[in-house]
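> work_9.pdb is reproduced in full below (PDB, C-alpha atoms).
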```
ATOM      1  CA  MET A   1      -0.144  -1.328  17.258
ATOM      2  CA  ILE A   2      -2.907  -3.536  15.894
ATOM      3  CA  SER A   3      -1.971  -7.107  15.011
ATOM      4  CA  CYS A   4      -2.410  -8.469  11.483
ATOM      5  CA  GLU A   5      -2.999 -11.951  12.886
ATOM      6  CA  LYS A   6      -6.714 -11.237  13.381
ATOM      7  CA  GLY A   7      -7.226  -9.008  10.408
ATOM      8  CA  VAL A   8      -5.714  -7.439   7.331
ATOM      9  CA  CYS A   9      -2.434  -5.541   6.976
ATOM     10  CA  GLY A  10      -2.171  -2.357   4.960
ATOM     11  CA  HIS A  11       0.588  -0.926   2.826
ATOM     12  CA  PHE A  12       2.595   2.298   2.816
ATOM     13  CA  GLY A  13       2.528   3.573  -0.709
ATOM     14  CA  GLU A  14       4.336   1.682  -3.425
ATOM     15  CA  TRP A  15       7.859   0.717  -4.309
ATOM     16  CA  VAL A  16       6.999   1.423  -7.952
ATOM     17  CA  GLN A  17       3.837   2.534  -9.734
ATOM     18  CA  GLY A  18       3.090   3.717 -13.240
ATOM     19  CA  ARG A  19       2.301   2.650 -16.767
ATOM     20  CA  LEU A  20       3.767  -0.158 -18.832
ATOM     21  CA  GLY A  21       4.496   2.089 -21.780
ATOM     22  CA  SER A  22       3.255   5.627 -22.334
ATOM     23  CA  ALA A  23      -0.358   4.471 -22.725
ATOM     24  CA  GLY A  24      -0.119   1.007 -21.181
ATOM     25  CA  GLU A  25      -1.620  -0.637 -18.151
ATOM     26  CA  ILE A  26      -1.137   0.873 -14.693
ATOM     27  CA  VAL A  27       0.852  -1.495 -12.469
ATOM     28  CA  LEU A  28       2.444  -1.322  -9.049
ATOM     29  CA  VAL A  29       4.586  -3.134  -6.525
ATOM     30  CA  THR A  30       3.048  -2.428  -3.144
ATOM     31  CA  LEU A  31       5.094  -1.622  -0.046
ATOM     32  CA  TYR A  32       3.603  -3.982   2.519
ATOM     33  CA  CYS A  33       3.213  -2.548   6.033
ATOM     34  CA  ARG A  34       2.380  -4.839   8.927
ATOM     35  CA  ALA A  35       2.302  -1.884  11.340
ATOM     36  CA  LEU A  36      -0.933  -0.716   9.698
ATOM     37  CA  SER A  37      -3.897  -3.044   9.897
ATOM     38  CA  ILE A  38      -7.612  -3.559  10.371
ATOM     39  CA  GLU A  39      -8.894  -6.141  12.835
ATOM     40  CA  PHE A  40     -12.398  -7.538  12.688
ATOM     41  CA  HIS A  41     -14.390  -8.417  15.794
ATOM     42  CA  THR A  42     -17.766  -9.851  16.740
ATOM     43  CA  ASP A  43     -17.709  -8.343  20.246
ATOM     44  CA  ALA A  44     -20.751  -6.053  20.354
ATOM     45  CA  SER A  45     -19.154  -3.949  23.113
ATOM     46  CA  LEU A  46     -16.587  -2.616  20.632
ATOM     47  CA  GLN A  47     -17.410   0.568  18.796
ATOM     48  CA  GLY A  48     -16.858   1.301  15.143
ATOM     49  CA  CYS A  49     -17.701  -0.294  11.843
ATOM     50  CA  CYS A  50     -17.362   0.541   8.185
ATOM     51  CA  GLN A  51     -17.889   4.211   7.359
ATOM     52  CA  LEU A  52     -16.141   4.185   3.988
ATOM     53  CA  PHE A  53     -18.852   2.572   1.857
ATOM     54  CA  SER A  54     -22.574   3.001   1.403
ATOM     55  CA  GLU A  55     -25.141   0.336   2.259
ATOM     56  CA  GLU A  56     -25.752  -0.083  -1.467
ATOM     57  CA  GLN A  57     -22.063  -0.694  -2.136
ATOM     58  CA  LEU A  58     -21.813  -3.213   0.679
ATOM     59  CA  ALA A  59     -24.963  -5.001  -0.447
ATOM     60  CA  GLY A  60     -23.442  -5.447  -3.907
ATOM     61  CA  PHE A  61     -20.173  -6.603  -2.332
ATOM     62  CA  ARG A  62     -22.038  -9.175  -0.230
ATOM     63  CA  GLN A  63     -23.923 -10.459  -3.263
ATOM     64  CA  GLU A  64     -20.740 -10.666  -5.335
ATOM     65  CA  LEU A  65     -19.041 -12.806  -2.675
ATOM     66  CA  ARG A  66     -22.156 -14.897  -1.921
ATOM     67  CA  ILE A  67     -21.732 -14.626   1.832
ATOM     68  CA  GLY A  68     -25.440 -14.616   2.679
ATOM     69  CA  ASP A  69     -26.856 -12.674   5.604
ATOM     70  CA  THR A  70     -23.954 -13.038   8.023
ATOM     71  CA  PRO A  71     -23.620  -9.712   9.888
ATOM     72  CA  TRP A  72     -20.661  -7.555   9.009
ATOM     73  CA  PRO A  73     -18.003  -7.568  11.738
ATOM     74  CA  LEU A  74     -16.997  -4.531  13.737
ATOM     75  CA  LEU A  75     -13.668  -3.104  12.645
ATOM     76  CA  LYS A  76     -10.744  -1.643  14.560
ATOM     77  CA  SER A  77      -8.291   0.213  12.344
ATOM     78  CA  ASN A  78      -5.130   2.291  12.543
ATOM     79  CA  ILE A  79      -4.929   2.845   8.769
ATOM     80  CA  PRO A  80      -5.495   6.504   7.866
ATOM     81  CA  VAL A  81      -7.956   7.154   5.054
ATOM     82  CA  GLY A  82      -6.763   8.794   1.840
ATOM     83  CA  CYS A  83      -3.068   8.485   2.624
ATOM     84  CA  GLY A  84      -2.100   5.715   0.230
ATOM     85  CA  ALA A  85      -2.057   3.040   2.911
ATOM     86  CA  GLY A  86      -4.813   0.754   1.631
ATOM     87  CA  ALA A  87      -7.624   1.709   4.015
ATOM     88  CA  SER A  88     -10.444   1.032   1.560
ATOM     89  CA  THR A  89      -9.142  -2.296   0.261
ATOM     90  CA  ALA A  90      -8.188  -3.525   3.736
ATOM     91  CA  THR A  91     -11.647  -2.560   5.018
ATOM     92  CA  LEU A  92     -13.398  -4.599   2.348
ATOM     93  CA  ILE A  93     -11.130  -7.607   2.930
ATOM     94  CA  ALA A  94     -11.706  -7.433   6.697
ATOM     95  CA  LEU A  95     -15.465  -7.205   6.210
ATOM     96  CA  ALA A  96     -15.467 -10.178   3.857
ATOM     97  CA  ARG A  97     -13.296 -12.404   6.020
ATOM     98  CA  GLY A  98     -15.111 -11.406   9.190
ATOM     99  CA  ALA A  99     -18.391 -12.375   7.507
ATOM    100  CA  GLY A 100     -17.013 -15.789   6.632
ATOM    101  CA  PHE A 101     -15.686 -15.462   3.076
ATOM    102  CA  THR A 102     -13.185 -18.242   2.331
ATOM    103  CA  GLY A 103     -12.827 -17.963  -1.436
ATOM    104  CA  SER A 104      -9.735 -17.231  -3.487
ATOM    105  CA  PRO A 105      -7.716 -13.998  -3.389
ATOM    106  CA  MET A 106      -8.691 -13.256  -6.989
ATOM    107  CA  GLN A 107     -12.404 -13.609  -6.219
ATOM    108  CA  LEU A 108     -11.972 -11.149  -3.381
ATOM    109  CA  ALA A 109      -9.848  -8.800  -5.476
ATOM    110  CA  GLN A 110     -12.454  -8.673  -8.239
ATOM    111  CA  ALA A 111     -15.233  -7.954  -5.750
ATOM    112  CA  CYS A 112     -13.146  -5.184  -4.167
ATOM    113  CA  ARG A 113     -12.453  -3.625  -7.548
ATOM    114  CA  ARG A 114     -16.149  -3.512  -8.383
ATOM    115  CA  VAL A 115     -16.672  -1.415  -5.262
ATOM    116  CA  GLU A 116     -13.494   0.711  -5.402
ATOM    117  CA  GLY A 117     -12.633   0.887  -9.083
ATOM    118  CA  ALA A 118      -8.961   0.259  -8.243
ATOM    119  CA  THR A 119      -7.739  -2.140  -5.601
ATOM    120  CA  ASP A 120      -4.538  -2.979  -3.742
ATOM    121  CA  PRO A 121      -3.243  -6.591  -3.667
ATOM    122  CA  LEU A 122      -3.613  -6.953   0.115
ATOM    123  CA  MET A 123      -5.702 -10.117  -0.179
ATOM    124  CA  TRP A 124      -2.643 -12.121  -1.311
ATOM    125  CA  PRO A 125      -0.328 -13.793   1.237
ATOM    126  CA  GLU A 126       2.675 -11.890  -0.182
ATOM    127  CA  PRO A 127       1.252  -8.710  -1.731
ATOM    128  CA  ASP A 128       4.740  -7.292  -2.350
ATOM    129  CA  GLY A 129       5.609 -10.382  -4.397
ATOM    130  CA  LEU A 130       3.412  -9.267  -7.301
ATOM    131  CA  VAL A 131       3.497  -6.779 -10.116
ATOM    132  CA  TRP A 132      -0.180  -5.906  -9.766
ATOM    133  CA  ALA A 133      -2.458  -4.205 -12.307
ATOM    134  CA  SER A 134      -4.649  -2.305  -9.854
ATOM    135  CA  ARG A 135      -7.273  -1.033 -12.314
ATOM    136  CA  ALA A 136      -7.572  -4.272 -14.283
ATOM    137  CA  CYS A 137      -7.372  -6.498 -11.180
ATOM    138  CA  ARG A 138      -4.734  -8.786 -12.625
ATOM    139  CA  VAL A 139      -1.417 -10.285 -11.581
ATOM    140  CA  GLN A 140       0.933  -8.994 -14.244
ATOM    141  CA  SER A 141       3.798 -11.138 -12.951
ATOM    142  CA  THR A 142       5.165 -12.653  -9.763
ATOM    143  CA  ILE A 143       8.463 -11.630  -8.167
ATOM    144  CA  PRO A 144      10.327 -12.346  -4.941
ATOM    145  CA  PRO A 145       9.321  -9.931  -2.168
ATOM    146  CA  PRO A 146      11.988  -7.311  -1.410
ATOM    147  CA  PRO A 147      14.669  -8.238   1.142
ATOM    148  CA  ARG A 148      13.966  -7.313   4.746
ATOM    149  CA  CYS A 149      14.497  -3.624   5.360
ATOM    150  CA  SER A 150      13.410  -0.739   7.574
ATOM    151  CA  VAL A 151      11.219   2.142   6.444
ATOM    152  CA  LEU A 152      10.866   5.427   8.302
ATOM    153  CA  GLY A 153       7.909   7.406   7.088
ATOM    154  CA  GLY A 154       5.040   9.749   7.697
ATOM    155  CA  TYR A 155       2.383  11.713   5.842
ATOM    156  CA  TRP A 156       3.081  14.781   3.733
ATOM    157  CA  GLY A 157       0.237  17.194   3.103
ATOM    158  CA  ALA A 158      -3.485  16.564   2.995
ATOM    159  CA  PRO A 159      -5.038  13.134   2.347
ATOM    160  CA  GLN A 160      -5.468  12.315  -1.331
ATOM    161  CA  PRO A 161      -7.891   9.426  -1.904
ATOM    162  CA  THR A 162      -7.289   7.345  -5.027
ATOM    163  CA  ASP A 163      -9.468   8.285  -7.983
ATOM    164  CA  PRO A 164      -9.817   5.176 -10.170
ATOM    165  CA  SER A 165     -10.540   7.351 -13.205
ATOM    166  CA  ASP A 166      -7.200   9.145 -12.770
ATOM    167  CA  THR A 167      -4.775   7.496 -15.178
ATOM    168  CA  ARG A 168      -2.067  10.174 -15.267
ATOM    169  CA  PHE A 169       1.021   8.147 -14.408
ATOM    170  CA  PRO A 170       4.530   8.076 -15.874
ATOM    171  CA  ASP A 171       5.949   5.183 -17.863
ATOM    172  CA  VAL A 172       7.777   2.795 -15.514
ATOM    173  CA  SER A 173       8.225  -0.155 -17.885
ATOM    174  CA  ASP A 174      12.010   0.179 -17.587
ATOM    175  CA  LEU A 175      11.799   0.240 -13.783
ATOM    176  CA  ILE A 176       9.586  -2.857 -13.688
ATOM    177  CA  GLU A 177      12.013  -4.721 -15.965
ATOM    178  CA  GLN A 178      14.908  -3.777 -13.696
ATOM    179  CA  TRP A 179      12.821  -4.610 -10.617
ATOM    180  CA  HIS A 180      12.532  -8.225 -11.729
ATOM    181  CA  ILE A 181      16.316  -8.506 -12.069
ATOM    182  CA  ALA A 182      17.094  -6.762  -8.757
ATOM    183  CA  SER A 183      14.472  -8.706  -6.794
ATOM    184  CA  LEU A 184      15.845 -12.029  -8.042
ATOM    185  CA  ALA A 185      19.322 -10.851  -6.992
ATOM    186  CA  ARG A 186      18.002  -9.735  -3.554
ATOM    187  CA  ASP A 187      19.680  -6.380  -4.271
ATOM    188  CA  LEU A 188      18.136  -3.986  -1.733
ATOM    189  CA  PRO A 189      20.210  -0.905  -2.729
ATOM    190  CA  GLU A 190      19.149  -1.322  -6.365
ATOM    191  CA  LEU A 191      15.491  -1.814  -5.389
ATOM    192  CA  ALA A 192      15.668   1.334  -3.239
ATOM    193  CA  ALA A 193      17.191   3.206  -6.184
ATOM    194  CA  LEU A 194      14.346   2.053  -8.446
ATOM    195  CA  ALA A 195      11.774   3.118  -5.832
ATOM    196  CA  THR A 196      13.458   6.516  -5.713
ATOM    197  CA  LEU A 197      13.228   6.902  -9.488
ATOM    198  CA  SER A 198       9.552   5.946  -9.414
ATOM    199  CA  ALA A 199       8.880   8.527  -6.695
ATOM    200  CA  ILE A 200      10.775  11.223  -8.628
ATOM    201  CA  ARG A 201       8.850  10.519 -11.841
ATOM    202  CA  CYS A 202       5.561  10.571  -9.966
ATOM    203  CA  ALA A 203       6.381  13.886  -8.278
ATOM    204  CA  ALA A 204       7.399  15.417 -11.611
ATOM    205  CA  MET A 205       4.083  14.469 -13.216
ATOM    206  CA  ARG A 206       1.652  14.562 -10.314
ATOM    207  CA  GLY A 207       3.308  16.462  -7.468
ATOM    208  CA  PRO A 208       3.337  17.630  -4.803
ATOM    209  CA  ASP A 209       6.962  18.462  -4.081
ATOM    210  CA  ASP A 210       8.230  17.090  -0.789
ATOM    211  CA  PRO A 211      11.488  17.096   1.212
ATOM    212  CA  MET A 212      12.206  13.376   0.900
ATOM    213  CA  GLN A 213      15.188  13.535  -1.481
ATOM    214  CA  SER A 214      16.974  16.001   0.772
ATOM    215  CA  LEU A 215      16.130  13.920   3.842
ATOM    216  CA  ALA A 216      17.384  10.737   2.161
ATOM    217  CA  GLN A 217      20.745  12.362   1.467
ATOM    218  CA  GLU A 218      20.965  13.937   4.919
ATOM    219  CA  LEU A 219      20.165  10.695   6.760
ATOM    220  CA  GLY A 220      22.064   8.283   4.510
ATOM    221  CA  ALA A 221      18.988   6.356   3.353
ATOM    222  CA  LEU A 222      19.251   3.805   0.557
ATOM    223  CA  GLY A 223      16.347   5.535  -1.159
ATOM    224  CA  MET A 224      12.839   6.881  -0.775
ATOM    225  CA  THR A 225       9.341   5.735  -1.474
ATOM    226  CA  ARG A 226       5.911   7.313  -1.637
ATOM    227  CA  ALA A 227       2.236   6.735  -2.174
ATOM    228  CA  HIS A 228       1.804   7.532  -5.842
ATOM    229  CA  THR A 229      -1.770   8.525  -4.972
ATOM    230  CA  GLY A 230      -1.801   9.586  -1.328
ATOM    231  CA  SER A 231       0.314  11.363   1.252
ATOM    232  CA  ALA A 232       2.494   8.508   2.578
ATOM    233  CA  ARG A 233       6.235   9.180   2.247
ATOM    234  CA  GLY A 234       9.134   7.034   3.440
ATOM    235  CA  LEU A 235      12.880   6.497   3.560
ATOM    236  CA  ILE A 236      14.398   3.048   3.006
ATOM    237  CA  PHE A 237      17.237   1.703   5.191
ATOM    238  CA  ARG A 238      18.835  -1.655   5.780
ATOM    239  CA  ALA A 239      16.988  -3.514   8.517
ATOM    240  CA  GLY A 240      17.715  -1.988  11.915
ATOM    241  CA  GLU A 241      19.868   0.821  10.523
ATOM    242  CA  VAL A 242      17.584   3.842  10.829
ATOM    243  CA  PRO A 243      19.890   6.478  12.375
ATOM    244  CA  LYS A 244      19.232   8.055  15.730
ATOM    245  CA  GLY A 245      17.397  11.336  15.370
ATOM    246  CA  ALA A 246      15.921  10.467  11.968
ATOM    247  CA  SER A 247      12.324  10.566  13.226
ATOM    248  CA  ALA A 248      12.883  14.048  14.613
ATOM    249  CA  ALA A 249      14.341  15.130  11.259
ATOM    250  CA  LEU A 250      11.217  14.001   9.397
ATOM    251  CA  GLN A 251       8.967  15.725  11.910
ATOM    252  CA  ALA A 252      11.004  18.933  11.648
ATOM    253  CA  ALA A 253      10.647  18.775   7.854
ATOM    254  CA  GLY A 254       6.858  18.739   8.193
ATOM    255  CA  LEU A 255       5.861  15.082   8.005
ATOM    256  CA  ALA A 256       3.018  14.007  10.302
ATOM    257  CA  SER A 257       2.596  10.793  12.328
ATOM    258  CA  VAL A 258       6.174   9.628  11.739
ATOM    259  CA  PHE A 259       6.796   5.941  12.496
ATOM    260  CA  GLU A 260       9.227   3.146  11.684
ATOM    261  CA  PHE A 261       8.446  -0.358  10.478
ATOM    262  CA  GLU A 262      10.095  -3.366   8.865
ATOM    263  CA  THR A 263       8.975  -4.794   5.563
ATOM    264  CA  GLY A 264      10.153  -7.300   2.967
ATOM    265  CA  ALA A 265      10.860 -10.998   3.260
ATOM    266  CA  ALA A 266      11.786 -12.373   6.674
TER     267      ALA A 266
END
```
Could I get this structure in the form of structure tokens?


Amino acid sequence: MISCEKGVCGHFGEWVQGRLGSAGEIVLVTLYCRALSIEFHTDASLQGCCQLFSEEQLAGFRQELRIGDTPWPLLKSNIPVGCGAGASTATLIALARGAGFTGSPMQLAQACRRVEGATDPLMWPEPDGLVWASRACRVQSTIPPPPRCSVLGGYWGAPQPTDPSDTRFPDVSDLIEQWHIASLARDLPELAALATLSAIRCAAMRGPDDPMQSLAQELGALGMTRAHTGSARGLIFRAGEVPKGASAALQAAGLASVFEFETGAA
């Protein structure tokens, strides 16, 4: 496992994502994942750097952030690309911080959006404490992060990189309203239920079908979550209560790279 202490943590899909109204803004509550991260290094003996963006894109990113000619750092990542885990946003943040950027999260978010078109809120200290408008690069509102919990997840199907021009999302304005109430109450079962509804609405509109509802019932999970653009899928449990044999059940159902992690407020 790569440490977030020297880099940038990723996410594992979203608790909720969709529109505020049938034609409203696209917002999300990210599912923060400290088990996925990108470290930046200046050790020339390490191999690997950014392969996700062109030199032209990175030159514009550098100019936007006014970080001069400082060399980009080398990156070490365990975040899969195109799986809804924040690889592109985390890469840009790691490059910026490794090159010496010390500006505000919003400055960094705006620069990331100009490269990506849609960005995750990973530059904030508590990215799961925001209702984030990913296309508009705006904090819609602030909320308490979810209570501490365990997520068991993996990847279902082929990678599906986010297309910033894709705006086909269901209305989740009711879920976001209820999310504010449940997060203030620290009500993990209700938050898991809202995440489940968001995942179901997304699957109904965007697909693909997956076995997560059946697995949630079989394993006694509080709910399920998914990448609303991407292949990440997960089950939500109270912290430390993932049942024995659950990883094998997900693998048998066809999920790849199954792993467990804790998320939410400490």

> What is the distance, in Å and to one decimal place, between CA of Gly234 (chain A) and CA of Tyr155 (chain A)?

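A separation of 8.6 Å between them.
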
> May I ask which of the residues A:Glu25, A:Glu14, A:Glu55, A:Asp163 is the closest one to Gly82 (chain A), counting only C-alpha atoms?

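Looking at the shortest contact to Gly82 (chain A), the residue is A:Asp163.
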
> Need the shell around Ala192 (chain A): protein/DNA/RNA residues with any atom at most 12 Å away, counting all atoms listed in the file. Skip same-chain ones fewer than 5 positions apart. Format as a count of residues only?

33

> So how far away is CA of Ser165 (chain A) from CA of Ile38 (chain A), in Å?

26.1 Å

> Find the residue from A:Pro125, A:Gly245, A:Gly157, A:Gly100 that sits nearest to Asp209 (chain A); use only C-alpha atoms when measuring.

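For Asp209 (chain A), the nearest of the given residues is A:Gly157.
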
> Go ahead and compute the interatomic distance for CA of Met106 (chain A) and CA of Gln17 (chain A), in Å to one decimal.

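Between CA of Met106 (chain A) and CA of Gln17 (chain A) the gap works out to 20.3 Å.
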
> Could you list, as a PDB file with C-alpha atoms, in the frame of the given file, every residue matched by the PyMOL selection byres ((chain A and resi 243) around 10) in this structure?


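part.pdb written:
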```
ATOM      1  CA  LEU A 152      10.866   5.427   8.302  1.00  0.00           C
ATOM      2  CA  LEU A 219      20.165  10.695   6.760  1.00  0.00           C
ATOM      3  CA  GLY A 220      22.064   8.283   4.510  1.00  0.00           C
ATOM      4  CA  ALA A 221      18.988   6.356   3.353  1.00  0.00           C
ATOM      5  CA  PHE A 237      17.237   1.703   5.191  1.00  0.00           C
ATOM      6  CA  GLY A 240      17.715  -1.988  11.915  1.00  0.00           C
ATOM      7  CA  GLU A 241      19.868   0.821  10.523  1.00  0.00           C
ATOM      8  CA  VAL A 242      17.584   3.842  10.829  1.00  0.00           C
ATOM      9  CA  LYS A 244      19.232   8.055  15.730  1.00  0.00           C
ATOM     10  CA  GLY A 245      17.397  11.336  15.370  1.00  0.00           C
ATOM     11  CA  ALA A 246      15.921  10.467  11.968  1.00  0.00           C
ATOM     12  CA  SER A 247      12.324  10.566  13.226  1.00  0.00           C
TER      13      SER A 247
END
```

> Leaving out region 114-119 of chain A and any residue of its chain fewer than 2 positions from it, which residues lie within 9 Å of it when counting only C-alpha atoms, given as a CSV table (one decimal) with C-alpha atoms, in the frame of the given file?


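Final output, saved to out.csv:
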```
chain,number,residue,atom,x,y,z
A,53,PHE,CA,-18.9,2.6,1.9
A,57,GLN,CA,-22.1,-0.7,-2.1
A,58,LEU,CA,-21.8,-3.2,0.7
A,60,GLY,CA,-23.4,-5.4,-3.9
A,61,PHE,CA,-20.2,-6.6,-2.3
A,86,GLY,CA,-4.8,0.8,1.6
A,88,SER,CA,-10.4,1.0,1.6
A,89,THR,CA,-9.1,-2.3,0.3
A,92,LEU,CA,-13.4,-4.6,2.3
A,109,ALA,CA,-9.8,-8.8,-5.5
A,110,GLN,CA,-12.5,-8.7,-8.2
A,111,ALA,CA,-15.2,-8.0,-5.8
A,112,CYS,CA,-13.1,-5.2,-4.2
A,121,PRO,CA,-3.2,-6.6,-3.7
A,122,LEU,CA,-3.6,-7.0,0.1
A,133,ALA,CA,-2.5,-4.2,-12.3
A,134,SER,CA,-4.6,-2.3,-9.9
A,135,ARG,CA,-7.3,-1.0,-12.3
A,136,ALA,CA,-7.6,-4.3,-14.3
A,137,CYS,CA,-7.4,-6.5,-11.2
A,162,THR,CA,-7.3,7.3,-5.0
A,163,ASP,CA,-9.5,8.3,-8.0
A,164,PRO,CA,-9.8,5.2,-10.2
A,165,SER,CA,-10.5,7.4,-13.2
```

> Using all atoms listed in the file, which residue out of A:Gly84, A:Gly254, A:Gly68, A:Pro127 lies closest to Ala99 (chain A)?

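Ranking A:Gly84, A:Gly254, A:Gly68, A:Pro127 by distance to Ala99 (chain A), first place goes to A:Gly68.
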
> Restricting the calculation to all atoms listed in the file, which member of A:Pro211, A:Gly129, A:Gly18, A:Pro170 is positioned closest to Ala249 (chain A)?

A:Pro211

> For Gln107 (chain A), which residue among A:Leu130, A:Ile93, A:Leu65, A:Ala87 is the nearest when counting only C-alpha atoms?

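Nearest to Gln107 (chain A): A:Leu65.
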
> Of the candidates A:Gln217, A:Ser104, A:Ser231, A:Asn78, which shows the shortest atom-to-atom distance to Ala158 (chain A), using all atoms listed in the file?

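So, comparing all the options, the nearest one is A:Ser231.
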
> Can you list, as a compact mmCIF listing (two decimals) with C-alpha atoms, in the frame of the given file, the residues that the PyMOL selection byres ((chain A and resi 33) around 7) selects here?


```
# COMPACT_ATOMS: atom_id res chain seq x y z
CA CYS A 9 -2.43 -5.54 6.98
CA GLY A 10 -2.17 -2.36 4.96
CA HIS A 11 0.59 -0.93 2.83
CA PHE A 12 2.60 2.30 2.82
CA LEU A 31 5.09 -1.62 -0.05
CA TYR A 32 3.60 -3.98 2.52
CA ARG A 34 2.38 -4.84 8.93
CA ALA A 35 2.30 -1.88 11.34
CA LEU A 36 -0.93 -0.72 9.70
CA THR A 263 8.98 -4.79 5.56
```

> Starting from the shown file, work through the PyMOL selection byres ((chain A and resi 208) around 12) and note down what comes out as a PDB file with C-alpha atoms, in the frame of the given file.


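Once written, part07.pdb looks like this:
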```pdb
ATOM      1  CA  TRP A 156       3.081  14.781   3.733  1.00  0.00           C
ATOM      2  CA  GLY A 157       0.237  17.194   3.103  1.00  0.00           C
ATOM      3  CA  ALA A 158      -3.485  16.564   2.995  1.00  0.00           C
ATOM      4  CA  PRO A 159      -5.038  13.134   2.347  1.00  0.00           C
ATOM      5  CA  GLN A 160      -5.468  12.315  -1.331  1.00  0.00           C
ATOM      6  CA  ALA A 199       8.880   8.527  -6.695  1.00  0.00           C
ATOM      7  CA  ILE A 200      10.775  11.223  -8.628  1.00  0.00           C
ATOM      8  CA  ARG A 201       8.850  10.519 -11.841  1.00  0.00           C
ATOM      9  CA  CYS A 202       5.561  10.571  -9.966  1.00  0.00           C
ATOM     10  CA  ALA A 203       6.381  13.886  -8.278  1.00  0.00           C
ATOM     11  CA  ALA A 204       7.399  15.417 -11.611  1.00  0.00           C
ATOM     12  CA  MET A 205       4.083  14.469 -13.216  1.00  0.00           C
ATOM     13  CA  ARG A 206       1.652  14.562 -10.314  1.00  0.00           C
ATOM     14  CA  GLY A 207       3.308  16.462  -7.468  1.00  0.00           C
ATOM     15  CA  ASP A 209       6.962  18.462  -4.081  1.00  0.00           C
ATOM     16  CA  ASP A 210       8.230  17.090  -0.789  1.00  0.00           C
ATOM     17  CA  PRO A 211      11.488  17.096   1.212  1.00  0.00           C
ATOM     18  CA  MET A 212      12.206  13.376   0.900  1.00  0.00           C
ATOM     19  CA  ARG A 226       5.911   7.313  -1.637  1.00  0.00           C
ATOM     20  CA  ALA A 227       2.236   6.735  -2.174  1.00  0.00           C
ATOM     21  CA  HIS A 228       1.804   7.532  -5.842  1.00  0.00           C
ATOM     22  CA  THR A 229      -1.770   8.525  -4.972  1.00  0.00           C
ATOM     23  CA  GLY A 230      -1.801   9.586  -1.328  1.00  0.00           C
ATOM     24  CA  SER A 231       0.314  11.363   1.252  1.00  0.00           C
ATOM     25  CA  ALA A 232       2.494   8.508   2.578  1.00  0.00           C
ATOM     26  CA  ARG A 233       6.235   9.180   2.247  1.00  0.00           C
TER      27      ARG A 233
END
```

> Give as a list in words each residue that has an atom at most 9 Å from (7.8, -12.4, -12.0) in the file, counting only C-alpha atoms.

Gly129, Leu130, Val131, Gln140, Ser141, Thr142, Ile143, Pro144, His180 and Leu184 of chain A

> Could you add N, CA and C atoms to region 7-20 of chain A and give me the result as a PDB file, keeping the file's coordinate frame?


```
ATOM      1  N   GLY A   7      -6.636  -9.919  11.368  1.00  0.00           N
ATOM      2  CA  GLY A   7      -7.226  -9.008  10.408  1.00  0.00           C
ATOM      3  C   GLY A   7      -6.423  -8.910   9.125  1.00  0.00           C
ATOM      4  N   VAL A   8      -6.306  -7.689   8.633  1.00  0.00           N
ATOM      5  CA  VAL A   8      -5.714  -7.439   7.331  1.00  0.00           C
ATOM      6  C   VAL A   8      -4.684  -6.326   7.451  1.00  0.00           C
ATOM      7  N   CYS A   9      -3.470  -6.575   6.962  1.00  0.00           N
ATOM      8  CA  CYS A   9      -2.434  -5.541   6.976  1.00  0.00           C
ATOM      9  C   CYS A   9      -2.622  -4.576   5.816  1.00  0.00           C
ATOM     10  N   GLY A  10      -2.126  -3.363   6.003  1.00  0.00           N
ATOM     11  CA  GLY A  10      -2.171  -2.357   4.960  1.00  0.00           C
ATOM     12  C   GLY A  10      -0.858  -2.280   4.202  1.00  0.00           C
ATOM     13  N   HIS A  11      -0.678  -1.180   3.499  1.00  0.00           N
ATOM     14  CA  HIS A  11       0.588  -0.926   2.826  1.00  0.00           C
ATOM     15  C   HIS A  11       0.966   0.524   3.081  1.00  0.00           C
ATOM     16  N   PHE A  12       2.128   0.938   2.598  1.00  0.00           N
ATOM     17  CA  PHE A  12       2.595   2.298   2.816  1.00  0.00           C
ATOM     18  C   PHE A  12       3.113   2.842   1.492  1.00  0.00           C
ATOM     19  N   GLY A  13       2.156   3.158   0.627  1.00  0.00           N
ATOM     20  CA  GLY A  13       2.528   3.573  -0.709  1.00  0.00           C
ATOM     21  C   GLY A  13       3.022   2.403  -1.531  1.00  0.00           C
ATOM     22  N   GLU A  14       3.856   2.690  -2.495  1.00  0.00           N
ATOM     23  CA  GLU A  14       4.336   1.682  -3.425  1.00  0.00           C
ATOM     24  C   GLU A  14       5.846   1.807  -3.622  1.00  0.00           C
ATOM     25  N   TRP A  15       6.466   0.684  -3.877  1.00  0.00           N
ATOM     26  CA  TRP A  15       7.859   0.717  -4.309  1.00  0.00           C
ATOM     27  C   TRP A  15       7.941   1.366  -5.690  1.00  0.00           C
ATOM     28  N   VAL A  16       7.049   0.915  -6.576  1.00  0.00           N
ATOM     29  CA  VAL A  16       6.999   1.423  -7.952  1.00  0.00           C
ATOM     30  C   VAL A  16       5.536   1.474  -8.371  1.00  0.00           C
ATOM     31  N   GLN A  17       5.160   2.514  -9.111  1.00  0.00           N
ATOM     32  CA  GLN A  17       3.837   2.534  -9.734  1.00  0.00           C
ATOM     33  C   GLN A  17       3.880   3.407 -10.981  1.00  0.00           C
ATOM     34  N   GLY A  18       3.181   2.946 -12.011  1.00  0.00           N
ATOM     35  CA  GLY A  18       3.090   3.717 -13.240  1.00  0.00           C
ATOM     36  C   GLY A  18       2.607   2.841 -14.375  1.00  0.00           C
ATOM     37  N   ARG A  19       2.800   3.337 -15.579  1.00  0.00           N
ATOM     38  CA  ARG A  19       2.301   2.650 -16.767  1.00  0.00           C
ATOM     39  C   ARG A  19       3.366   1.744 -17.382  1.00  0.00           C
ATOM     40  N   LEU A  20       2.898   0.681 -18.007  1.00  0.00           N
ATOM     41  CA  LEU A  20       3.767  -0.158 -18.832  1.00  0.00           C
ATOM     42  C   LEU A  20       3.712   0.391 -20.248  1.00  0.00           C
TER      43      LEU A  20
END
```
